[in-house]
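Okay, data_21.csv is below, CSV, C-alpha atoms and all ligand atoms:
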```
chain,number,residue,atom,x,y,z
A,85,MET,CA,-17.1,17.8,14.8
A,86,ASN,CA,-14.9,14.7,15.2
A,87,ILE,CA,-13.3,13.7,12.0
A,88,PRO,CA,-11.2,10.4,11.8
A,89,LEU,CA,-8.2,9.9,9.5
A,90,SER,CA,-9.9,7.0,7.8
A,91,SER,CA,-13.1,5.0,8.1
A,92,PRO,CA,-14.3,1.8,6.4
A,93,TYR,CA,-17.2,1.9,4.1
A,94,MET,CA,-19.7,-0.6,5.4
A,95,GLY,CA,-23.4,-1.5,4.8
A,96,GLU,CA,-26.1,-3.9,5.7
A,97,GLU,CA,-25.0,-6.2,2.9
A,98,GLU,CA,-21.5,-6.7,4.5
A,99,ILE,CA,-23.1,-7.4,7.9
A,100,LYS,CA,-25.4,-10.0,6.4
A,101,ALA,CA,-22.6,-11.7,4.4
A,102,VAL,CA,-20.5,-12.1,7.6
A,103,THR,CA,-23.4,-13.3,9.8
A,104,ASP,CA,-24.4,-15.8,7.0
A,105,VAL,CA,-21.0,-17.4,7.3
A,106,LEU,CA,-21.3,-17.6,11.0
A,107,LYS,CA,-24.5,-19.7,10.6
A,108,THR,CA,-22.4,-22.4,8.7
A,109,PRO,CA,-19.8,-24.7,10.1
A,110,ASN,CA,-17.2,-23.4,7.6
A,111,LEU,CA,-15.3,-20.6,9.3
A,112,SER,CA,-12.1,-21.3,7.6
A,113,MET,CA,-11.0,-23.0,4.3
A,114,GLY,CA,-14.6,-23.1,3.0
A,115,PRO,CA,-16.2,-21.9,-0.2
A,116,LYS,CA,-15.9,-18.1,0.4
A,117,ILE,CA,-12.1,-17.9,0.0
A,118,ASP,CA,-12.3,-19.7,-3.3
A,119,GLU,CA,-15.1,-17.3,-4.5
A,120,PHE,CA,-13.2,-14.2,-3.3
A,121,GLU,CA,-10.0,-15.3,-5.0
A,122,LYS,CA,-11.8,-16.0,-8.3
A,123,LYS,CA,-13.6,-12.7,-8.3
A,124,PHE,CA,-10.4,-10.8,-7.3
A,125,SER,CA,-8.3,-12.3,-10.0
A,126,ASP,CA,-11.1,-11.6,-12.5
A,127,TYR,CA,-11.1,-8.0,-11.4
A,128,ILE,CA,-7.3,-7.5,-11.5
A,129,GLY,CA,-7.0,-9.5,-14.7
A,130,THR,CA,-4.5,-12.1,-13.5
A,131,LYS,CA,-4.7,-15.9,-13.8
A,132,TYR,CA,-4.4,-16.6,-10.1
A,133,ALA,CA,-5.1,-15.0,-6.7
A,134,VAL,CA,-4.3,-16.3,-3.2
A,135,GLY,CA,-6.0,-14.9,-0.2
A,136,VAL,CA,-3.9,-14.3,2.9
A,137,ASN,CA,-4.4,-12.9,6.4
A,138,SER,CA,-2.6,-9.6,5.7
A,139,GLY,CA,-0.7,-7.7,3.1
A,140,THR,CA,2.5,-8.3,5.1
A,141,SER,CA,2.1,-12.0,5.0
A,142,GLY,CA,1.4,-11.8,1.3
A,143,LEU,CA,4.7,-9.9,0.8
A,144,HIS,CA,6.6,-12.4,3.0
A,145,ILE,CA,5.1,-15.4,1.0
A,146,LEU,CA,6.3,-13.8,-2.2
A,147,ILE,CA,9.9,-13.3,-0.9
A,148,ARG,CA,9.9,-17.0,0.0
A,149,ALA,CA,8.2,-18.1,-3.2
A,150,LEU,CA,10.7,-16.3,-5.4
A,151,GLY,CA,13.6,-17.9,-3.5
A,152,ILE,CA,15.0,-14.7,-2.0
A,153,LYS,CA,17.2,-15.6,0.9
A,154,ASP,CA,20.2,-14.9,3.1
A,155,ASN,CA,22.2,-11.8,1.8
A,156,ASP,CA,20.2,-11.5,-1.4
A,157,GLU,CA,19.5,-7.9,-2.3
A,158,VAL,CA,16.1,-6.4,-3.2
A,159,ILE,CA,15.8,-2.9,-4.6
A,160,THR,CA,13.0,-0.9,-3.1
A,161,THR,CA,12.2,2.6,-1.6
A,162,PRO,CA,12.3,3.8,2.0
A,163,PHE,CA,9.2,5.9,1.3
A,164,SER,CA,6.6,3.3,2.2
A,165,PHE,CA,4.9,1.4,4.9
A,166,ILE,CA,7.4,-0.6,6.8
A,167,ALA,CA,6.1,-4.0,5.7
A,168,SER,CA,7.5,-3.6,2.2
A,169,SER,CA,11.1,-3.8,3.5
A,170,ASN,CA,10.5,-6.0,6.6
A,171,CYS,CA,9.4,-8.8,4.4
A,172,MET,CA,13.0,-9.1,3.2
A,173,LEU,CA,14.4,-9.0,6.7
A,174,TYR,CA,12.3,-12.0,7.6
A,175,GLU,CA,14.4,-14.0,5.2
A,176,ARG,CA,17.7,-12.3,6.1
A,177,ALA,CA,17.8,-10.7,2.7
A,178,LYS,CA,18.8,-7.1,2.3
A,179,PRO,CA,16.6,-4.2,1.3
A,180,VAL,CA,18.6,-1.9,-0.9
A,181,PHE,CA,16.9,1.5,-0.9
A,182,VAL,CA,16.9,4.0,-3.7
A,183,ASP,CA,15.2,7.4,-3.4
A,184,VAL,CA,11.8,8.4,-4.8
A,185,ASP,CA,10.8,10.8,-7.5
A,186,LYS,CA,9.9,14.1,-5.9
A,187,LYS,CA,6.5,14.4,-7.7
A,188,THR,CA,5.1,10.9,-7.7
A,189,LEU,CA,6.9,9.8,-4.5
A,190,ASN,CA,7.4,6.4,-6.2
A,191,ILE,CA,10.8,4.7,-6.9
A,192,ASP,CA,12.9,6.8,-9.3
A,193,PRO,CA,13.7,4.4,-12.2
A,194,CYS,CA,16.9,6.4,-13.0
A,195,LEU,CA,18.4,5.4,-9.7
A,196,ILE,CA,17.8,1.7,-10.0
A,197,ASN,CA,20.7,0.8,-12.3
A,198,GLU,CA,23.4,2.1,-10.0
A,199,ALA,CA,22.0,0.1,-7.1
A,200,ILE,CA,22.2,-3.2,-8.9
A,201,THR,CA,25.0,-5.6,-7.8
A,202,LYS,CA,25.8,-9.3,-8.3
A,203,LYS,CA,23.5,-10.1,-5.3
A,204,THR,CA,20.5,-8.3,-6.6
A,205,LYS,CA,17.6,-10.7,-7.0
A,206,ALA,CA,14.5,-8.5,-7.3
A,207,ILE,CA,12.9,-5.1,-7.5
A,208,LEU,CA,10.0,-4.3,-5.2
A,209,PRO,CA,8.3,-1.1,-6.3
A,210,VAL,CA,5.6,0.3,-4.0
A,211,HIS,CA,2.6,2.1,-5.6
A,212,ALA,CA,2.5,4.8,-2.9
A,213,PHE,CA,-0.8,6.3,-2.0
A,214,GLY,CA,-2.5,4.5,-4.9
A,215,GLN,CA,-0.4,6.0,-7.7
A,216,PRO,CA,1.3,3.3,-9.9
A,217,CYS,CA,5.1,3.4,-10.3
A,218,ASP,CA,6.6,4.1,-13.6
A,219,MET,CA,6.5,0.4,-14.5
A,220,LYS,CA,7.8,0.6,-18.1
A,221,PRO,CA,11.4,1.5,-17.3
A,222,ILE,CA,11.3,-0.7,-14.2
A,223,MET,CA,10.3,-3.8,-16.2
A,224,GLU,CA,12.9,-3.0,-18.8
A,225,ILE,CA,15.7,-2.9,-16.2
A,226,ALA,CA,14.3,-6.1,-14.6
A,227,GLU,CA,14.5,-7.8,-18.0
A,228,GLU,CA,18.0,-6.6,-18.8
A,229,TYR,CA,19.4,-7.9,-15.4
A,230,ASN,CA,17.1,-10.9,-15.1
A,231,LEU,CA,15.5,-9.6,-11.9
A,232,LYS,CA,12.2,-10.6,-10.4
A,233,VAL,CA,9.6,-7.9,-9.7
A,234,ILE,CA,7.2,-7.9,-6.8
A,235,GLU,CA,4.7,-5.1,-6.9
A,236,ASP,CA,3.5,-3.8,-3.5
A,237,SER,CA,0.0,-2.9,-4.7
A,238,CYS,CA,-1.4,-2.7,-1.2
A,239,GLU,CA,-2.4,0.9,-1.7
A,240,ALA,CA,-3.4,0.7,-5.3
A,241,ILE,CA,-6.4,-1.5,-5.9
A,242,GLY,CA,-7.9,-0.5,-9.2
A,243,SER,CA,-5.3,2.1,-10.2
A,244,GLU,CA,-4.1,2.0,-13.8
A,245,TYR,CA,-0.7,2.8,-15.4
A,246,LEU,CA,-1.0,3.6,-19.1
A,247,GLY,CA,-4.4,1.8,-19.2
A,248,LYS,CA,-3.2,-1.4,-17.3
A,249,LYS,CA,-4.0,-2.3,-13.7
A,250,ALA,CA,-1.4,-2.0,-11.0
A,251,GLY,CA,-0.5,-5.5,-9.9
A,252,THR,CA,-0.3,-6.9,-13.4
A,253,PHE,CA,3.2,-5.9,-14.4
A,254,GLY,CA,5.6,-7.9,-12.3
A,255,ASP,CA,6.0,-11.6,-11.5
A,256,ALA,CA,3.5,-11.2,-8.7
A,257,ALA,CA,1.8,-8.5,-6.6
A,258,VAL,CA,0.2,-8.0,-3.2
A,259,PHE,CA,-3.0,-6.2,-2.2
A,260,ALA,CA,-4.1,-5.4,1.3
A,261,PHE,CA,-7.4,-5.0,3.1
A,262,TYR,CA,-6.7,-3.4,6.5
A,263,PRO,CA,-9.6,-1.1,7.5
A,264,ASN,CA,-7.9,2.0,6.2
A,265,LYS,CA,-7.5,0.6,2.7
A,266,GLN,CA,-10.0,1.2,-0.2
A,267,ILE,CA,-11.8,-2.1,0.6
A,268,THR,CA,-11.4,-4.0,3.8
A,269,THR,CA,-11.7,-7.5,5.2
A,270,GLY,CA,-10.7,-6.4,8.7
A,271,GLU,CA,-7.2,-8.0,8.4
A,272,GLY,CA,-6.5,-9.5,5.0
A,273,GLY,CA,-4.5,-9.5,1.8
A,274,MET,CA,-4.3,-11.0,-1.7
A,275,ILE,CA,-1.4,-12.2,-3.8
A,276,VAL,CA,-2.0,-12.1,-7.6
A,277,THR,CA,0.2,-13.7,-10.3
A,278,ASN,CA,0.1,-15.3,-13.7
A,279,ASP,CA,2.8,-17.7,-12.8
A,280,GLU,CA,1.5,-21.2,-11.9
A,281,LYS,CA,4.6,-22.0,-9.9
A,282,ILE,CA,4.4,-19.0,-7.7
A,283,TYR,CA,0.6,-19.6,-7.3
A,284,LYS,CA,1.1,-23.2,-6.1
A,285,LEU,CA,4.0,-22.2,-3.7
A,286,ALA,CA,2.0,-19.3,-2.3
A,287,ARG,CA,-1.0,-21.6,-1.6
A,288,SER,CA,1.3,-24.1,0.2
A,289,LEU,CA,3.2,-21.4,2.2
A,290,ARG,CA,0.1,-19.8,3.5
A,291,ASN,CA,-1.1,-23.3,4.7
A,292,GLN,CA,1.7,-24.7,6.8
A,293,GLY,CA,3.7,-25.9,3.7
A,294,ARG,CA,1.1,-28.5,2.7
A,295,SER,CA,0.8,-29.4,-0.9
A,296,GLU,CA,-2.7,-29.7,-2.4
A,297,ASP,CA,-2.8,-33.5,-2.5
A,298,MET,CA,-1.2,-34.1,0.9
A,299,GLY,CA,-3.1,-34.8,4.0
A,300,TRP,CA,-3.7,-32.4,6.9
A,301,LEU,CA,-0.6,-33.5,8.7
A,302,ASP,CA,1.8,-33.8,5.8
A,303,HIS,CA,4.1,-30.8,5.4
A,304,LYS,CA,6.4,-30.7,2.4
A,305,ILE,CA,8.1,-27.3,3.1
A,306,LEU,CA,8.4,-24.8,6.0
A,307,GLY,CA,5.2,-22.9,5.8
A,308,TYR,CA,3.0,-20.6,7.9
A,309,ASN,CA,-0.5,-20.1,9.0
A,310,TYR,CA,-1.3,-17.1,6.8
A,311,ARG,CA,-4.8,-18.2,5.8
A,312,MET,CA,-7.7,-15.8,5.4
A,313,ASP,CA,-10.8,-16.9,7.3
A,314,GLU,CA,-14.3,-17.3,5.7
A,315,MET,CA,-15.8,-14.2,7.5
A,316,SER,CA,-13.1,-12.0,6.0
A,317,ALA,CA,-13.5,-13.5,2.5
A,318,ALA,CA,-17.3,-13.0,2.6
A,319,LEU,CA,-16.7,-9.4,3.6
A,320,GLY,CA,-14.2,-9.0,0.8
A,321,ILE,CA,-16.6,-10.4,-1.8
A,322,VAL,CA,-19.2,-7.7,-0.9
A,323,GLN,CA,-16.6,-4.9,-0.7
A,324,LEU,CA,-15.1,-5.9,-4.1
A,325,LYS,CA,-18.5,-5.8,-5.7
A,326,LYS,CA,-18.6,-2.0,-4.8
A,327,ILE,CA,-15.1,-1.3,-5.9
A,328,GLU,CA,-15.8,1.0,-8.8
A,329,LYS,CA,-18.3,3.0,-6.8
A,330,ILE,CA,-15.8,3.2,-3.9
A,331,ILE,CA,-13.0,4.4,-6.3
A,332,GLU,CA,-15.3,7.0,-7.7
A,333,MET,CA,-16.5,8.3,-4.3
A,334,ARG,CA,-12.9,8.6,-3.1
A,335,ASN,CA,-11.9,10.4,-6.3
A,336,ASN,CA,-14.7,12.9,-5.6
A,337,VAL,CA,-13.4,13.5,-2.1
A,338,ALA,CA,-9.9,14.0,-3.5
A,339,GLN,CA,-11.2,16.4,-6.2
A,340,GLU,CA,-13.1,18.5,-3.6
A,341,TYR,CA,-10.0,18.7,-1.4
A,342,ASN,CA,-7.9,19.8,-4.5
A,343,LYS,CA,-10.4,22.5,-5.3
A,344,ARG,CA,-10.5,23.9,-1.8
A,345,LEU,CA,-6.7,23.7,-1.2
A,346,LYS,CA,-5.0,24.3,-4.6
A,347,ASP,CA,-4.6,28.0,-4.0
A,348,VAL,CA,-3.7,28.0,-0.4
A,349,ALA,CA,-0.3,29.4,0.2
A,350,GLY,CA,2.0,26.9,2.0
A,351,VAL,CA,0.0,23.9,0.8
A,352,GLU,CA,1.1,21.6,-2.0
A,353,ILE,CA,-1.7,19.3,-3.2
A,354,PRO,CA,-1.1,15.7,-4.3
A,355,TYR,CA,0.5,15.2,-7.8
A,356,VAL,CA,-1.1,12.8,-10.2
A,357,ASP,CA,1.1,11.8,-13.1
A,358,GLU,CA,-0.3,11.7,-16.7
A,359,LYS,CA,0.7,8.0,-16.9
A,360,THR,CA,-1.7,7.3,-14.1
A,361,THR,CA,-4.7,6.8,-16.3
A,362,LYS,CA,-6.8,5.8,-13.3
A,363,MET,CA,-6.2,6.8,-9.8
A,364,SER,CA,-7.6,4.8,-6.9
A,365,TRP,CA,-6.9,7.1,-4.0
A,366,PHE,CA,-5.7,5.5,-0.8
A,367,VAL,CA,-4.8,8.5,1.3
A,368,TYR,CA,-4.9,12.3,0.7
A,369,VAL,CA,-1.5,13.7,1.5
A,370,ILE,CA,-0.5,17.4,1.2
A,371,HIS,CA,2.9,18.8,1.6
A,372,ILE,CA,3.6,21.8,3.9
A,373,ASN,CA,5.7,24.5,2.2
A,374,LYS,CA,5.1,27.5,4.4
A,375,LYS,CA,8.5,28.1,5.9
A,376,LYS,CA,12.0,28.6,4.5
A,377,THR,CA,13.6,25.4,5.6
A,378,GLN,CA,12.6,21.7,5.6
A,379,GLU,CA,13.3,21.6,9.4
A,380,GLU,CA,10.9,24.6,10.0
A,381,ASN,CA,8.3,23.1,7.7
A,382,ARG,CA,8.5,19.8,9.7
A,383,GLU,CA,8.0,21.6,13.0
A,384,PHE,CA,5.1,23.7,11.5
A,385,ARG,CA,3.6,20.5,10.2
A,386,ASN,CA,3.8,18.8,13.6
A,387,LYS,CA,2.2,21.8,15.2
A,388,LEU,CA,-0.6,21.7,12.6
A,389,ILE,CA,-1.3,18.1,13.6
A,390,THR,CA,-1.7,19.1,17.3
A,391,ASP,CA,-3.8,22.1,16.5
A,392,LEU,CA,-6.0,20.2,14.0
A,393,SER,CA,-6.5,17.6,16.7
A,394,ASP,CA,-7.6,20.2,19.2
A,395,ARG,CA,-10.4,21.0,16.7
A,396,GLY,CA,-11.4,17.4,16.3
A,397,ILE,CA,-9.6,16.7,13.1
A,398,SER,CA,-7.2,13.7,12.9
A,399,SER,CA,-4.1,14.0,10.7
A,400,LYS,CA,-0.8,12.3,10.5
A,401,PRO,CA,2.7,12.4,9.0
A,402,TYR,CA,2.8,10.1,5.9
A,403,PHE,CA,5.1,8.2,5.7
A,404,THR,CA,7.8,8.2,8.3
A,405,PRO,CA,10.8,7.0,6.2
A,406,ILE,CA,11.6,3.4,6.8
A,407,HIS,CA,15.4,3.9,6.9
A,408,LEU,CA,15.0,6.2,9.9
A,409,GLN,CA,13.0,3.7,12.0
A,410,PRO,CA,15.2,2.8,15.1
A,411,PHE,CA,16.0,-0.8,14.0
A,412,TYR,CA,16.9,0.3,10.4
A,413,ARG,CA,19.2,3.0,11.9
A,414,GLU,CA,20.9,0.2,13.7
A,415,MET,CA,21.7,-1.4,10.3
A,416,GLY,CA,23.6,1.8,9.4
A,417,PHE,CA,21.0,4.0,7.7
A,418,LYS,CA,20.9,7.6,8.7
A,419,GLU,CA,19.5,11.1,8.0
A,420,GLY,CA,20.7,12.4,4.7
A,421,ASP,CA,20.7,9.0,2.9
A,422,PHE,CA,17.6,9.6,0.9
A,423,PRO,CA,16.9,13.3,0.7
A,424,VAL,CA,13.6,13.2,-1.3
A,425,THR,CA,12.1,10.6,0.9
A,426,GLU,CA,13.2,12.6,4.0
A,427,TRP,CA,11.6,15.8,2.5
A,428,ALA,CA,8.4,13.9,1.9
A,429,GLY,CA,8.5,12.5,5.4
A,430,ASP,CA,9.1,15.9,7.0
A,431,THR,CA,6.5,17.8,5.1
A,432,GLY,CA,3.8,15.3,4.3
A,433,LEU,CA,0.5,15.6,6.1
A,434,ALA,CA,-2.3,13.0,5.6
A,435,LEU,CA,-5.7,14.7,6.0
A,436,PRO,CA,-8.9,12.8,6.9
A,437,PHE,CA,-9.9,10.7,3.9
A,438,TYR,CA,-12.5,8.0,3.5
A,439,THR,CA,-15.1,6.7,1.0
A,440,GLY,CA,-18.2,8.2,2.7
A,441,MET,CA,-16.6,11.5,3.6
A,442,LYS,CA,-19.2,14.3,3.4
A,443,SER,CA,-18.8,17.7,1.8
A,444,VAL,CA,-19.4,19.5,5.1
A,445,GLU,CA,-16.6,17.4,6.7
A,446,ILE,CA,-14.1,18.3,3.9
A,447,GLU,CA,-15.1,21.9,4.2
A,448,TYR,CA,-14.6,21.8,8.0
A,449,VAL,CA,-11.1,20.3,7.6
A,450,CYS,CA,-10.1,22.8,4.9
A,451,ASN,CA,-11.4,25.9,6.7
A,452,ASN,CA,-9.6,24.9,9.9
A,453,LEU,CA,-6.4,24.1,7.9
A,454,LYS,CA,-6.5,27.5,6.1
A,455,ASP,CA,-7.1,29.2,9.5
A,456,LEU,CA,-4.2,27.5,11.2
A,457,ILE,CA,-1.8,27.8,8.3
A,458,ASN,CA,-2.2,31.6,8.3
A,459,ILE,CA,-1.4,32.0,12.0
B,501,LIG,C1,-1.1,-1.6,4.0
B,501,LIG,C2,0.2,-1.8,3.4
B,501,LIG,C3,0.8,-3.1,3.4
B,501,LIG,C4,0.3,-4.3,4.2
B,501,LIG,O1,-0.3,-4.0,5.4
B,501,LIG,P1,-1.1,-5.1,6.3
B,501,LIG,O2,-1.5,-4.2,7.4
B,501,LIG,O3,-0.1,-6.2,6.6
B,501,LIG,O4,-2.2,-5.6,5.5
B,501,LIG,C5,2.0,-3.3,2.8
B,501,LIG,N1,2.6,-2.3,2.1
B,501,LIG,C6,2.0,-1.0,2.0
B,501,LIG,C7,2.7,0.0,1.2
B,501,LIG,C8,0.8,-0.8,2.6
B,501,LIG,O5,0.3,0.4,2.6
```
What does this structure look like when you write it as structure tokens?
Amino acid sequence: MNIPLSSPYMGEEEIKAVTDVLKTPNLSMGPKIDEFEKKFSDYIGTKYAVGVNSGTSGLHILIRALGIKDNDEVITTPFSFIASSNCMLYERAKPVFVDVDKKTLNIDPCLINEAITKKTKAILPVHAFGQPCDMKPIMEIAEEYNLKVIEDSCEAIGSEYLGKKAGTFGDAAVFAFYPNKQITTGEGGMIVTNDEKIYKLARSLRNQGRSEDMGWLDHKILGYNYRMDEMSAALGIVQLKKIEKIIEMRNNVAQEYNKRLKDVAGVEIPYVDEKTTKMSWFVYVIHINKKKTQEENREFRNKLITDLSDRGISSKPYFTPIHLQPFYREMGFKEGDFPVTEWAGDTGLALPFYTGMKSVEIEYVCNNLKDLINI
């Protein structure tokens, strides 16, 4: 067997939707993007949505739209995909990291207060692996200190915190549609907000700084080409239609993994908090707890990755902490700065996980994992 880490969930309907667009002259800025945005904002429950060509561009646009600039500080976590901090660096603002909660792996609200300075402009919580952050205390702190909140919801489409969807708590949020995400458009992302000002700015920034009523060659502000094309939007419309089924199928895969792995010594299965009233699984990450020290567990985890690969099973550390990436180290970050993040980075192992994953595949992964962990 050859089992990939992730795999998009595609059908004939998706193929038809994309080829139908190719038969029209509208390959960009046509009717599909408007339709996808309308359906997406309806699904999330926000007033507005703005389609972009990646989650990363969506995050960058929000940093610009909220006026975050040189030397401003934004509080976030280093346990994330690198884009959630890079978006601040693009504008010469400073990511101020705080550590995560050991169970949820999301920003620990108790650590936010002490990270606030006069320069703090915003909080950027990341809903890691699909689990929403503890948004109630985060929004309370934001209100008290008058901070903006950008939710990185790229991994959490459809997840709910205390009955409310991820992406509806802050000033704005970003979703992403890279092929390993719950739904995909190839490359793609979506900004959502209830704020008309952010909405209008985001539309302008993705489209070379043009305002709606200006001509093609009139540019009011410095913008980018962050537009989503019509083929991607058409694909997104079909994928979004299946979102509830996709979330359910992924949940079934996660539950089967849980059942097979919950009693395996040396394996910690993912934790889902009781405030997570709906979990939209992005990845399935276990933690290796077989050896005495974190260092030994990391080496053991790394060897597991190689051994699983020899048996046709892809797996990966998830995440590698942002603050330990080479160019972040150059900014002065180092080992020991964020112990919980580093523990999660050293011991985390993402197993193959995708919407159409079959029982026999899950069984094959689990049997081999059990085999190897007992060597
Ligand atoms: C996927 C992802 C993004 C955006 O990624 P793109 O590849 O640019 O679409 C941002 N933040 C997190 C946490 C992600 O998982």
**Test item: residues lying within 7 Å of ligand LIG 501 (chain B) with only C-alpha atoms and all ligand atoms, as a ChimeraX atom specification** = /A:138-141,164-168,210,212,236,238-239,260-262,265,271-273
**Selected residue, from A:Thr268, A:Asn278, A:Ser316, A:Ser243, that lies nearest to Asp357 (chain A) when counting only C-alpha atoms** =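 Among the listed residues, the smallest separation from Asp357 (chain A) belongs to A:Ser243.
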Within 12 Å of region 129-134 of chain A, which residues of region 211-254 of chain A come that close, and what is the closest atom pair and distance in Å for each? Count only C-alpha atoms and give it as CSV.
```
residue,atom,partner,partner_atom,distance
A:Ile241,CA,A:Gly129,CA,11.9
A:Gly242,CA,A:Gly129,CA,10.6
A:Glu244,CA,A:Gly129,CA,11.9
A:Lys248,CA,A:Gly129,CA,9.3
A:Lys249,CA,A:Gly129,CA,7.9
A:Ala250,CA,A:Gly129,CA,10.1
A:Gly251,CA,A:Thr130,CA,8.5
A:Thr252,CA,A:Thr130,CA,6.7
A:Phe253,CA,A:Thr130,CA,9.9
A:Gly254,CA,A:Thr130,CA,11.0
```
**Request:** Within 12 Å of (6.7, 9.4, -9.2) (coordinates as in the file), grab all the protein and nucleic acid residues, counting all atoms listed in the file, and write them out as a ChimeraX atom specification.
**Result:** /A:161,163,183-194,209-219,245,354-360,424-425
**Request:** For each of A:Ala317, A:Gly440, A:Pro405, A:Phe422, take the minimum atom-to-atom distance to Leu195 (chain A), counting all atoms listed in the file, then give the residue where this is smallest.
**Result:**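 Answer, going by the shortest atom-to-atom distance: A:Phe422.
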**Request:** Measure the distance from CA of Lys116 (chain A) to CA of Ile128 (chain A) in Å and round it to one decimal.
**Result:**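 Going from CA of Lys116 (chain A) over to CA of Ile128 (chain A), I get 18.1 Å.
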**Atomic separation - CA of Ala286 (chain A) relative to CA of Lys304 (chain A), Å** =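 Straight-line distance from CA of Lys304 (chain A) to CA of Ala286 (chain A) works out to 13.1 Å.
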**Request:** Find the residues around Glu352 (chain A) up to 7 Å (all atoms listed in the file counted), leave out those fewer than 4 positions away in its own chain, and share them as a list of chain:residue names.
**Result:**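 Listed by chain and then number, they are A:Ile370, A:His371, A:Ile372, A:Asn373.
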**Request:** Compile the contact shell of region 173-181 of chain A as a list of chain:residue names: residues with an atom at most 8 Å away, counting all atoms listed in the file, same-chain residues fewer than 6 positions apart removed.
**Result:** A:His144, A:Ile147, A:Arg148, A:Ile152, A:Lys153, A:Asp154, A:Asn155, A:Asp156, A:Glu157, A:Val158, A:Ile159, A:Thr160, A:Thr161, A:Pro162, A:Ala199
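Nearest-residue note for Leu146 (chain A): choosing from A:Met441, A:Val233, A:Thr108, A:Met415, the minimum distance belongs to A:Val233, counting only C-alpha atoms.
Nearest to Val444 (chain A) of all the residues A:Asn264, A:Glu340, A:Leu89, A:Ile331 is A:Glu340, based on all atoms listed in the file.
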**Message:** With distances taken over all atoms listed in the file, which residue among A:Asn342, A:Ser91, A:Thr377, A:Ser364 lies nearest Glu447 (chain A)?
**Reply:**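 Looking only at the distances to Glu447 (chain A), the closest residue turns out to be A:Asn342.
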**Request:** State, in Å with one decimal place, the distance from CA of Ile117 (chain A) to CA of Asp313 (chain A).
**Result:**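 CA of Asp313 (chain A) lies 7.5 Å from CA of Ile117 (chain A).
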**Item:** Selected residue, from A:Met274, A:Val102, A:Ala226, A:Ile406, that lies nearest to Val182 (chain A) when counting only C-alpha atoms
**Value:** A:Ile406
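For Lys418 (chain A), the set of protein, DNA and RNA residues having any atom at most 8 Å away, when counting only C-alpha atoms and skipping those fewer than 3 positions along the same chain, is His407, Leu408, Arg413 and Asp421 of chain A.
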